[in-house]
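Engineer: Below you'll find protein-v9.tsv; it's TSV, C-alpha atoms (C1' of nucleotides).
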chain	number	residue	atom	x	y	z
E	1	MET	CA	98.60	373.91	45.94
E	2	SER	CA	98.79	370.85	43.73
E	3	GLU	CA	101.69	368.53	43.18
E	4	ALA	CA	102.89	369.43	39.68
E	5	ARG	CA	101.86	366.36	37.75
E	6	THR	CA	104.36	366.57	34.95
E	7	LYS	CA	107.51	368.53	35.65
E	8	PRO	CA	107.54	371.19	32.95
E	9	VAL	CA	110.77	371.64	31.08
E	10	ALA	CA	112.52	374.94	31.70
E	11	LEU	CA	111.63	376.96	28.63
E	12	ARG	CA	112.81	380.30	29.83
E	13	ALA	CA	116.23	381.16	31.11
E	14	ALA	CA	116.39	381.57	34.87
E	15	PRO	CA	115.06	385.06	35.50
E	16	ARG	CA	118.03	386.70	37.09
E	17	ALA	CA	117.86	389.56	34.63
E	18	ASP	CA	114.95	391.48	33.18
E	19	ARG	CA	114.30	394.69	31.29
E	20	GLU	CA	115.48	396.80	34.20
E	21	SER	CA	118.82	395.10	34.50
E	22	ALA	CA	120.93	397.65	32.70
E	23	VAL	CA	119.12	400.86	33.52
E	24	ALA	CA	121.65	403.11	35.16
E	25	SER	CA	120.71	404.19	38.65
E	26	ASP	CA	120.54	407.83	37.63
E	27	ASP	CA	118.13	407.12	34.78
E	28	LYS	CA	114.71	408.63	34.61
E	29	LEU	CA	112.40	407.65	37.42
E	30	GLU	CA	109.42	407.44	35.08
E	31	LEU	CA	111.16	404.93	32.84
E	32	LYS	CA	112.17	402.80	35.80
E	33	VAL	CA	108.61	402.72	37.10
E	34	TRP	CA	107.33	401.70	33.69
E	35	LEU	CA	109.88	398.92	33.26
E	36	ARG	CA	109.29	397.59	36.74
E	37	LEU	CA	105.54	397.70	36.26
E	38	LEU	CA	105.96	395.70	33.07
E	39	THR	CA	108.21	393.20	34.83
E	40	CYS	CA	105.66	392.67	37.59
E	41	ALA	CA	102.83	392.22	35.11
E	42	ASN	CA	104.83	389.74	33.00
E	43	LEU	CA	105.93	387.84	36.08
E	44	ILE	CA	102.45	387.41	37.52
E	45	GLU	CA	100.85	386.82	34.15
E	46	GLY	CA	103.36	384.11	33.31
E	47	GLN	CA	102.71	382.26	36.54
E	48	VAL	CA	98.95	382.50	36.21
E	49	ARG	CA	99.23	381.20	32.65
E	50	ASN	CA	101.34	378.24	33.76
E	51	LEU	CA	99.04	377.43	36.65
E	52	LEU	CA	95.94	377.61	34.44
E	53	ARG	CA	97.52	375.26	31.96
E	54	GLU	CA	98.80	372.80	34.55
E	55	ASN	CA	95.73	372.75	36.73
E	56	PHE	CA	92.86	373.40	34.35
E	57	ALA	CA	94.26	372.86	30.86
E	58	THR	CA	93.14	376.29	29.73
E	59	THR	CA	94.67	379.62	28.77
E	60	LEU	CA	94.66	383.08	30.28
E	61	PRO	CA	92.68	384.82	27.50
E	62	ARG	CA	89.95	382.21	27.79
E	63	PHE	CA	89.87	382.51	31.55
E	64	ASP	CA	89.67	386.29	31.29
E	65	LEU	CA	86.78	386.14	28.87
E	66	LEU	CA	84.87	383.69	31.08
E	67	ALA	CA	85.59	385.91	34.10
E	68	GLN	CA	84.02	388.92	32.41
E	69	LEU	CA	80.93	386.96	31.43
E	70	ASP	CA	80.66	385.54	34.93
E	71	ARG	CA	80.53	389.04	36.33
E	72	ALA	CA	77.83	390.07	33.86
E	73	PRO	CA	74.92	387.67	34.38
E	74	ASP	CA	72.87	389.60	31.81
E	75	GLY	CA	75.49	389.02	29.16
E	76	LEU	CA	77.85	391.30	27.29
E	77	THR	CA	78.14	392.39	23.69
E	78	MET	CA	81.30	391.76	21.69
E	79	GLY	CA	82.15	395.43	21.99
E	80	GLU	CA	81.81	395.48	25.76
E	81	LEU	CA	84.02	392.41	25.98
E	82	SER	CA	86.59	393.98	23.70
E	83	SER	CA	86.61	397.08	25.86
E	84	ARG	CA	86.86	395.24	29.18
E	85	LEU	CA	89.54	392.85	28.03
E	86	MET	CA	91.35	395.71	26.31
E	87	VAL	CA	91.89	393.77	23.11
E	88	THR	CA	90.66	394.32	19.56
E	89	ASN	CA	87.25	393.28	18.33
E	90	GLY	CA	88.72	390.74	15.95
E	91	ASN	CA	90.50	389.10	18.82
E	92	VAL	CA	87.29	388.71	20.81
E	93	THR	CA	85.59	387.22	17.77
E	94	ALA	CA	88.18	384.45	17.51
E	95	LEU	CA	88.29	383.84	21.26
E	96	ALA	CA	84.52	383.72	21.60
E	97	ASP	CA	84.21	381.43	18.57
E	98	ALA	CA	86.43	378.89	20.30
E	99	LEU	CA	84.53	379.07	23.59
E	100	VAL	CA	81.17	378.78	21.84
E	101	ARG	CA	82.50	375.76	19.94
E	102	GLU	CA	83.56	374.24	23.26
E	103	GLY	CA	80.14	374.83	24.72
E	104	LEU	CA	81.21	377.17	27.50
E	105	VAL	CA	79.62	380.30	26.08
E	106	LEU	CA	76.25	381.06	24.48
E	107	ARG	CA	75.87	383.56	21.67
E	108	GLU	CA	72.45	385.12	21.36
E	109	ALA	CA	70.94	387.91	19.33
E	110	HIS	CA	70.80	391.24	21.12
E	111	PRO	CA	67.21	392.04	22.11
E	112	SER	CA	67.07	395.55	20.67
E	113	ASP	CA	70.06	396.03	18.36
E	114	ARG	CA	70.34	393.55	15.52
E	115	ARG	CA	73.95	394.55	14.90
E	116	SER	CA	74.97	393.30	18.33
E	117	LEU	CA	75.42	389.89	19.81
E	118	CYS	CA	74.95	389.04	23.43
E	119	LEU	CA	77.39	386.58	24.95
E	120	ARG	CA	76.60	384.73	28.14
E	121	LEU	CA	78.08	381.86	30.15
E	122	SER	CA	76.45	378.47	29.52
E	123	ALA	CA	75.63	376.24	32.49
E	124	GLU	CA	78.72	374.21	31.65
E	125	GLY	CA	80.76	377.40	31.34
E	126	LYS	CA	79.58	378.57	34.73
E	127	ARG	CA	80.45	375.20	36.25
E	128	VAL	CA	83.92	375.22	34.71
E	129	PHE	CA	84.60	378.82	35.74
E	130	ASP	CA	83.40	378.30	39.30
E	131	ALA	CA	85.85	375.43	39.62
E	132	MET	CA	88.73	377.71	38.67
E	133	THR	CA	87.94	380.87	40.63
E	134	PRO	CA	89.04	379.86	44.12
E	135	ALA	CA	92.36	378.51	42.89
E	136	HIS	CA	92.96	381.64	40.84
E	137	GLU	CA	92.30	383.90	43.78
E	138	GLU	CA	94.57	381.83	45.97
E	139	TRP	CA	97.41	382.08	43.45
E	140	ILE	CA	97.13	385.86	43.35
E	141	ASP	CA	96.98	386.07	47.14
E	142	GLN	CA	100.11	383.98	47.38
E	143	MET	CA	102.03	386.07	44.88
E	144	MET	CA	101.23	389.20	46.86
E	145	GLY	CA	101.55	387.51	50.20
E	146	GLU	CA	104.54	389.49	51.35
E	147	LEU	CA	102.84	392.86	51.04
E	148	SER	CA	100.89	394.15	54.02
E	149	ARG	CA	97.31	395.39	53.78
E	150	ASP	CA	98.59	398.94	54.00
E	151	GLU	CA	101.11	398.41	51.26
E	152	LEU	CA	98.49	396.81	49.02
E	153	ALA	CA	96.09	399.68	49.64
E	154	ARG	CA	98.78	402.26	48.89
E	155	LEU	CA	99.78	400.38	45.73
E	156	LEU	CA	96.15	400.25	44.61
E	157	ASP	CA	95.86	403.96	45.17
E	158	LEU	CA	99.04	404.84	43.27
E	159	LEU	CA	98.11	402.55	40.39
E	160	GLY	CA	94.72	404.26	40.31
E	161	LYS	CA	96.45	407.60	39.88
E	162	LEU	CA	98.63	406.18	37.15
E	163	LYS	CA	95.64	404.65	35.42
E	164	ARG	CA	93.79	407.94	35.35
E	165	ALA	CA	96.86	409.78	34.10
E	166	ALA	CA	97.45	407.26	31.33
E	167	ARG	CA	93.78	407.35	30.32
E	168	ARG	CA	93.84	411.12	30.12
E	169	ASN	CA	96.96	410.97	27.98
E	170	GLU	CA	95.32	408.42	25.71
E	171	ARG	CA	92.88	410.91	24.31
E	172	VAL	CA	95.50	413.37	23.12
E	173	SER	CA	98.33	411.18	21.87
O	174	MET	CA	104.67	415.40	19.52
O	175	SER	CA	103.82	414.97	15.87
O	176	GLU	CA	100.58	415.77	14.12
O	177	ALA	CA	99.04	412.33	13.54
O	178	ARG	CA	99.55	411.94	9.83
O	179	THR	CA	96.73	409.58	9.08
O	180	LYS	CA	93.89	409.51	11.54
O	181	PRO	CA	93.79	405.89	12.71
O	182	VAL	CA	90.40	404.24	12.72
O	183	ALA	CA	89.05	403.41	16.15
O	184	LEU	CA	89.79	399.71	16.49
O	185	ARG	CA	89.05	399.33	20.13
O	186	ALA	CA	85.91	400.35	21.91
O	187	ALA	CA	86.25	403.52	23.95
O	188	PRO	CA	87.93	402.41	27.18
O	189	ARG	CA	85.30	403.31	29.69
O	190	ALA	CA	85.34	399.81	31.13
O	191	ASP	CA	88.16	397.40	31.84
O	192	ARG	CA	88.81	394.22	33.76
O	193	GLU	CA	88.17	395.94	37.07
O	194	SER	CA	84.78	397.25	36.12
O	195	ALA	CA	82.67	394.65	37.82
O	196	VAL	CA	84.77	393.76	40.85
O	197	ALA	CA	82.62	394.41	43.86
O	198	SER	CA	84.08	396.89	46.29
O	199	ASP	CA	84.38	394.25	49.01
O	200	ASP	CA	86.37	391.89	46.80
O	201	LYS	CA	89.86	390.79	47.65
O	202	LEU	CA	92.42	393.56	47.74
O	203	GLU	CA	95.05	391.36	46.12
O	204	LEU	CA	92.86	390.67	43.11
O	205	LYS	CA	92.07	394.34	42.69
O	206	VAL	CA	95.74	395.26	42.78
O	207	TRP	CA	96.51	392.63	40.16
O	208	LEU	CA	93.72	393.73	37.84
O	209	ARG	CA	94.63	397.36	38.14
O	210	LEU	CA	98.29	396.60	37.56
O	211	LEU	CA	97.31	394.74	34.41
O	212	THR	CA	95.12	397.61	33.28
O	213	CYS	CA	97.95	400.11	33.73
O	214	ALA	CA	100.40	397.90	31.87
O	215	ASN	CA	97.98	397.34	28.97
O	216	LEU	CA	97.12	401.01	28.82
O	217	ILE	CA	100.70	402.21	28.66
O	218	GLU	CA	101.82	399.38	26.41
O	219	GLY	CA	99.02	400.09	23.96
O	220	GLN	CA	99.92	403.75	23.71
O	221	VAL	CA	103.62	403.06	23.28
O	222	ARG	CA	102.80	400.53	20.57
O	223	ASN	CA	100.60	403.05	18.72
O	224	LEU	CA	103.18	405.79	19.03
O	225	LEU	CA	105.98	403.54	17.79
O	226	ARG	CA	103.93	402.55	14.79
O	227	GLU	CA	102.77	406.08	13.94
O	228	ASN	CA	106.10	407.81	14.51
O	229	PHE	CA	108.69	405.17	13.64
O	230	ALA	CA	106.83	402.43	11.77
O	231	THR	CA	108.07	399.78	14.15
O	232	THR	CA	106.69	397.51	16.85
O	233	LEU	CA	107.17	397.24	20.60
O	234	PRO	CA	108.91	393.83	20.64
O	235	ARG	CA	111.43	395.08	18.09
O	236	PHE	CA	112.02	398.27	20.05
O	237	ASP	CA	112.46	396.26	23.25
O	238	LEU	CA	115.02	393.99	21.65
O	239	LEU	CA	116.98	396.93	20.26
O	240	ALA	CA	116.83	398.62	23.67
O	241	GLN	CA	118.38	395.61	25.37
O	242	LEU	CA	121.17	395.43	22.80
O	243	ASP	CA	121.78	399.16	23.09
O	244	ARG	CA	122.36	398.77	26.79
O	245	ALA	CA	124.80	395.92	26.24
O	246	PRO	CA	127.54	397.25	23.99
O	247	ASP	CA	129.41	393.96	24.27
O	248	GLY	CA	126.43	392.08	22.91
O	249	LEU	CA	124.05	389.53	24.38
O	250	THR	CA	123.39	385.87	23.76
O	251	MET	CA	119.98	384.64	22.71
O	252	GLY	CA	119.46	383.27	26.20
O	253	GLU	CA	120.27	386.57	27.88
O	254	LEU	CA	117.88	388.34	25.56
O	255	SER	CA	115.17	385.77	26.25
O	256	SER	CA	115.66	386.27	29.96
O	257	ARG	CA	115.68	390.06	29.87
O	258	LEU	CA	112.71	390.36	27.57
O	259	MET	CA	110.92	387.64	29.55
O	260	VAL	CA	109.86	385.76	26.44
O	261	THR	CA	110.67	382.28	25.19
O	262	ASN	CA	113.81	381.41	23.27
O	263	GLY	CA	111.85	380.62	20.15
O	264	ASN	CA	110.31	384.04	20.21
O	265	VAL	CA	113.69	385.72	20.36
O	266	THR	CA	114.87	383.58	17.47
O	267	ALA	CA	112.06	384.84	15.24
O	268	LEU	CA	112.37	388.43	16.39
O	269	ALA	CA	116.14	388.49	15.96
O	270	ASP	CA	115.85	386.85	12.54
O	271	ALA	CA	113.68	389.72	11.37
O	272	LEU	CA	115.99	392.39	12.78
O	273	VAL	CA	119.07	390.73	11.28
O	274	ARG	CA	117.27	390.56	7.93
O	275	GLU	CA	116.49	394.26	8.23
O	276	GLY	CA	120.14	395.03	8.94
O	277	LEU	CA	119.62	396.49	12.41
O	278	VAL	CA	121.27	393.67	14.34
O	279	LEU	CA	124.45	391.66	13.85
O	280	ARG	CA	124.69	387.99	14.75
O	281	GLU	CA	128.16	386.75	15.56
O	282	ALA	CA	129.63	383.55	16.92
O	283	HIS	CA	130.23	383.59	20.65
O	284	PRO	CA	133.98	383.83	21.33
O	285	SER	CA	134.22	380.97	23.80
O	286	ASP	CA	131.04	378.89	23.57
O	287	ARG	CA	130.18	377.53	20.17
O	288	ARG	CA	126.61	376.80	21.25
O	289	SER	CA	125.94	380.48	21.79
O	290	LEU	CA	125.42	383.38	19.47
O	291	CYS	CA	126.26	386.94	20.27
O	292	LEU	CA	123.84	389.62	19.09
O	293	ARG	CA	124.86	393.22	18.78
O	294	LEU	CA	123.43	396.43	17.34
O	295	SER	CA	124.69	397.31	13.85
O	296	ALA	CA	125.71	400.91	13.11
O	297	GLU	CA	122.37	401.32	11.34
O	298	GLY	CA	120.58	399.74	14.28
O	299	LYS	CA	122.28	402.12	16.68
O	300	ARG	CA	121.34	405.07	14.51
O	301	VAL	CA	117.70	403.96	14.28
O	302	PHE	CA	117.45	403.26	18.00
O	303	ASP	CA	119.05	406.56	18.99
O	304	ALA	CA	116.45	408.36	16.91
O	305	MET	CA	113.64	406.69	18.87
O	306	THR	CA	114.94	406.89	22.44
O	307	PRO	CA	114.22	410.55	23.27
O	308	ALA	CA	110.67	410.32	21.93
O	309	HIS	CA	110.06	407.11	23.85
O	310	GLU	CA	111.27	408.62	27.09
O	311	GLU	CA	109.13	411.67	26.54
O	312	TRP	CA	106.02	409.54	25.99
O	313	ILE	CA	106.58	407.68	29.24
O	314	ASP	CA	107.22	410.93	31.11
O	315	GLN	CA	103.99	412.33	29.77
O	316	MET	CA	101.94	409.31	30.74
O	317	MET	CA	103.22	409.56	34.30
O	318	GLY	CA	103.22	413.32	34.34
O	319	GLU	CA	100.55	413.63	36.99
O	320	LEU	CA	102.47	411.70	39.62
O	321	SER	CA	104.87	413.57	41.86
O	322	ARG	CA	108.48	412.51	42.37
O	323	ASP	CA	107.52	411.15	45.77
O	324	GLU	CA	104.64	409.16	44.39
O	325	LEU	CA	106.81	407.73	41.64
O	326	ALA	CA	109.49	406.79	44.15
O	327	ARG	CA	106.94	405.12	46.41
O	328	LEU	CA	105.40	403.28	43.47
O	329	LEU	CA	108.83	402.07	42.37
O	330	ASP	CA	109.48	400.83	45.88
O	331	LEU	CA	106.18	398.99	46.21
O	332	LEU	CA	106.54	397.43	42.77
O	333	GLY	CA	110.02	396.32	43.81
O	334	LYS	CA	108.52	394.51	46.80
O	335	LEU	CA	105.88	392.93	44.57
O	336	LYS	CA	108.51	391.89	42.07
O	337	ARG	CA	110.59	390.16	44.70
O	338	ALA	CA	107.53	388.44	46.16
O	339	ALA	CA	106.41	387.20	42.76
O	340	ARG	CA	109.91	385.98	41.92
O	341	ARG	CA	110.10	384.06	45.17
O	342	ASN	CA	106.75	382.49	44.47
O	343	GLU	CA	107.89	381.53	40.98
O	344	ARG	CA	110.33	378.96	42.24
O	345	VAL	CA	107.80	376.98	44.22
O	346	SER	CA	104.67	377.10	42.10
L	347	DG	C1'	138.13	359.45	26.56
L	348	DT	C1'	133.56	358.81	26.93
L	349	DA	C1'	128.85	358.32	28.59
L	350	DG	C1'	125.44	360.97	30.60
L	351	DA	C1'	123.72	365.22	32.29
L	352	DC	C1'	123.34	369.81	31.27
L	353	DT	C1'	123.03	374.12	28.50
L	354	DA	C1'	122.05	377.07	24.18
L	355	DT	C1'	119.51	377.47	20.40
L	356	DT	C1'	116.19	376.30	16.66
L	357	DT	C1'	112.14	374.30	14.91
L	358	DT	C1'	107.35	373.30	14.84
L	359	DA	C1'	102.41	373.65	15.49
L	360	DG	C1'	99.07	376.13	17.37
L	361	DA	C1'	97.07	379.98	19.91
L	362	DC	C1'	96.78	384.91	20.36
L	363	DT	C1'	96.79	389.67	18.79
L	364	DT	C1'	96.93	393.49	15.93
L	365	DG	C1'	95.51	396.97	12.25
L	366	DA	C1'	92.95	397.61	8.39
L	367	DA	C1'	89.27	396.70	5.33
L	368	DA	C1'	84.74	394.78	4.65
L	369	DT	C1'	79.92	393.87	5.93
L	370	DA	C1'	75.74	395.00	8.05
L	371	DA	C1'	72.46	397.57	10.99
L	372	DT	C1'	71.17	402.02	13.18
L	373	DT	C1'	70.65	406.93	13.58
L	374	DG	C1'	69.82	411.52	12.28
L	375	DA	C1'	69.57	415.62	9.30
L	376	DG	C1'	67.06	417.26	5.76
G	377	DC	C1'	61.26	408.95	3.83
G	378	DT	C1'	66.25	408.63	2.48
G	379	DC	C1'	70.99	409.14	2.27
G	380	DA	C1'	75.15	409.84	4.75
G	381	DA	C1'	77.52	409.20	8.94
G	382	DT	C1'	78.01	406.25	12.70
G	383	DT	C1'	78.26	401.94	15.24
G	384	DA	C1'	78.86	396.67	15.85
G	385	DT	C1'	80.95	392.96	14.23
G	386	DT	C1'	83.70	389.92	11.13
G	387	DT	C1'	87.36	388.84	8.06
G	388	DC	C1'	92.07	388.84	6.67
G	389	DA	C1'	97.11	388.92	6.58
G	390	DA	C1'	100.96	389.45	9.19
G	391	DG	C1'	103.32	389.49	13.39
G	392	DT	C1'	104.00	387.77	18.16
G	393	DC	C1'	104.23	384.27	21.60
G	394	DT	C1'	104.05	379.81	23.75
G	395	DA	C1'	105.16	374.84	24.84
G	396	DA	C1'	107.34	370.97	23.46
G	397	DA	C1'	110.55	368.42	20.83
G	398	DA	C1'	114.80	368.35	18.24
G	399	DT	C1'	119.59	369.59	17.46
G	400	DA	C1'	124.00	370.60	18.87
G	401	DG	C1'	127.84	371.85	22.00
G	402	DT	C1'	129.85	371.60	26.82
G	403	DC	C1'	131.06	369.65	31.15
G	404	DT	C1'	131.84	366.16	34.67
G	405	DA	C1'	132.67	361.90	36.79
G	406	DC	C1'	134.44	358.20	36.17
What would the structure in this file look like if it were written as structure tokens?
Structural biologist:
Amino acid sequence: MSEARTKPVALRAAPRADRESAVASDDKLELKVWLRLLTCANLIEGQVRNLLRENFATTLPRFDLLAQLDRAPDGLTMGELSSRLMVTNGNVTALADALVREGLVLREAHPSDRRSLCLRLSAEGKRVFDAMTPAHEEWIDQMMGELSRDELARLLDLLGKLKRAARRNERVS
Amino acid sequence: MSEARTKPVALRAAPRADRESAVASDDKLELKVWLRLLTCANLIEGQVRNLLRENFATTLPRFDLLAQLDRAPDGLTMGELSSRLMVTNGNVTALADALVREGLVLREAHPSDRRSLCLRLSAEGKRVFDAMTPAHEEWIDQMMGELSRDELARLLDLLGKLKRAARRNERVS
DNA sequence: GTAGACTATTTTAGACTTGAAATAATTGAG
DNA sequence: CTCAATTATTTCAAGTCTAAAATAGTCTAC
């Protein structure tokens, strides 16, 4: 995709082992699914983070916030951002502060609710985000390249079931 | 499992929306799988974190580190821990420091390599971890309760494929 | 044996994230 | 209207995590 400009030093031990490594084969299926899910998420997230840093000198949380604003041309409140990014309000405050300071995001008063703020991509923010999107999508495609369309569809379906189950559980726990 | 002793204040907006919310239905399948995977991981991780705090006054990274040591009765080096937890060496240093200070983990010299340290659960650490394990497993079971054995097995299989694909991609990117 | 490459760990600065408390605006029951 | 409950956001302290540089021990090819 892009010849790595500066060879990054190996910071992490070679990933031969992970959380699953020592789970006996007769262990609970549920636990194994959870650990493997976590491994996959960490693995992909780590690569995306590295690629964002190497290619665009930015971080994943910033990219995620820009992505949400890009998909909401009418802007989002802090609360909506917090909900979509699944992080705390305080976290969004800090993240948005930085992006506003860098000129990528505009912070406006909410038209009808004076408690709320409305965040929106600036022209510069839109430009910067549009430059990153195709590369990001290509990275994800490549990481999943070995799964067929059918397998991807089945995975999406099963993860949907899991998501609904976990959400339902959320309310009671 | 345990009547929530102090009702925690709602810190996060109600999770009606998440990263997937605004992905058009004709968007790339790969991207949708990735976003949904991330949503599932965040959802489960968040609940486990809350439950660990409410029931055992501890955190997920600490629990994870103890879990790895519990599965390795002969102890692990810092590097092995870093690799299994998929975090940087520096992170493990800080985390292990805290657990050693709290008396849950022992830090010994490595028998043959003086560069390495060997971490191991203390008797107290073992006791504490053993008290948490059954609850933790039950939480995970409950969150996945709505998936059949077949669905779980299929999910495990597909995630295994994804994991291998992502690992392969890691080496070249 | 010794220089140079490699490996294991720590340190540092900075970014991210959380949970809880504080501030401020809105809503609704009377 | 008005006060209490609710909702939106910020602030704060502490913990987590990263990337890069520094420190220290090991190994290998002369």
Engineer: Using all atoms listed in the file and a distance of at most 12 Å, pull out the residues of chain E that contact chain G, as a ChimeraX atom specification.
Structural biologist: /E:8-12,46,49-50,53-54,59-60,77-80,82,88-94,97,110,113-118
Engineer: Report as a tab-separated table: every residue of chain L with an atom at most 8 Å from chain O, its closest pair of atoms, and their distance in Å to one decimal, counting all atoms listed in the file, with rows sorted by chain and ascending residue number.
Structural biologist:
residue	atom	partner	partner_atom	distance
L:DA354	C1'	O:Arg288	CA	5.4
L:DT355	C1'	O:Arg288	CA	7.2
L:DT356	C1'	O:Gly263	CA	7.0
L:DG365	C1'	O:Leu184	CA	7.6
Engineer: Can I get the residues of chain O within 6 Å of chain E, each with the closest pair of atoms and their distance in Å to one decimal, using only C-alpha atoms, sorted chain first then ascending number, as CSV?
Structural biologist:
residue,atom,partner,partner_atom,distance
O:Arg185,CA,E:Thr88,CA,5.3
O:Ala186,CA,E:Ser83,CA,5.2
O:Pro188,CA,E:Ser83,CA,5.6
O:Ala190,CA,E:Arg84,CA,5.2
O:Asp191,CA,E:Arg84,CA,3.7
O:Arg192,CA,E:Arg84,CA,5.1
O:Glu203,CA,E:Asp141,CA,5.7
O:Val206,CA,E:Leu156,CA,5.3
O:Cys213,CA,E:Lys163,CA,5.4
O:Ser256,CA,E:Ala13,CA,5.3
O:Arg257,CA,E:Asp18,CA,3.7
O:Leu258,CA,E:Arg19,CA,5.9
O:Thr261,CA,E:Arg12,CA,5.5
O:Asp314,CA,E:Glu30,CA,5.7
O:Met316,CA,E:Ala166,CA,5.0
O:Leu329,CA,E:Val33,CA,5.3
O:Lys336,CA,E:Cys40,CA,5.4
O:Ala339,CA,E:Met143,CA,5.0
O:Asn342,CA,E:Met143,CA,5.9
Engineer: Would you work out the distance separating atom CA of Pro61 of chain E from atom CA of Leu76 of chain E, expressed in Å to one decimal?
Structural biologist: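 Those two atoms sit 16.2 Å apart.
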Engineer: What's around segment 123-126 of chain E at 8 Å? Count all atoms listed in the file, leave out sequence neighbours fewer than 6 positions away in its own chain, and write the answer as a list in words.
Structural biologist: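 Final neighbour list, sorted by chain and number: Leu66, Asp70, Gly103, Leu104 and Val105 of chain E.
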Engineer: Could you jot down the atom CA of Glu108 of chain E to atom CA of Val128 of chain E separation for me, Å, one decimal place?
Structural biologist: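 Straight-line distance from atom CA of Glu108 of chain E to atom CA of Val128 of chain E works out to 20.2 Å.
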Engineer: May I ask for the distance between atom CA of Arg280 of chain O and atom CA of Arg293 of chain O, given in Å to one decimal place?
Structural biologist: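 So the answer is 6.6 Å.
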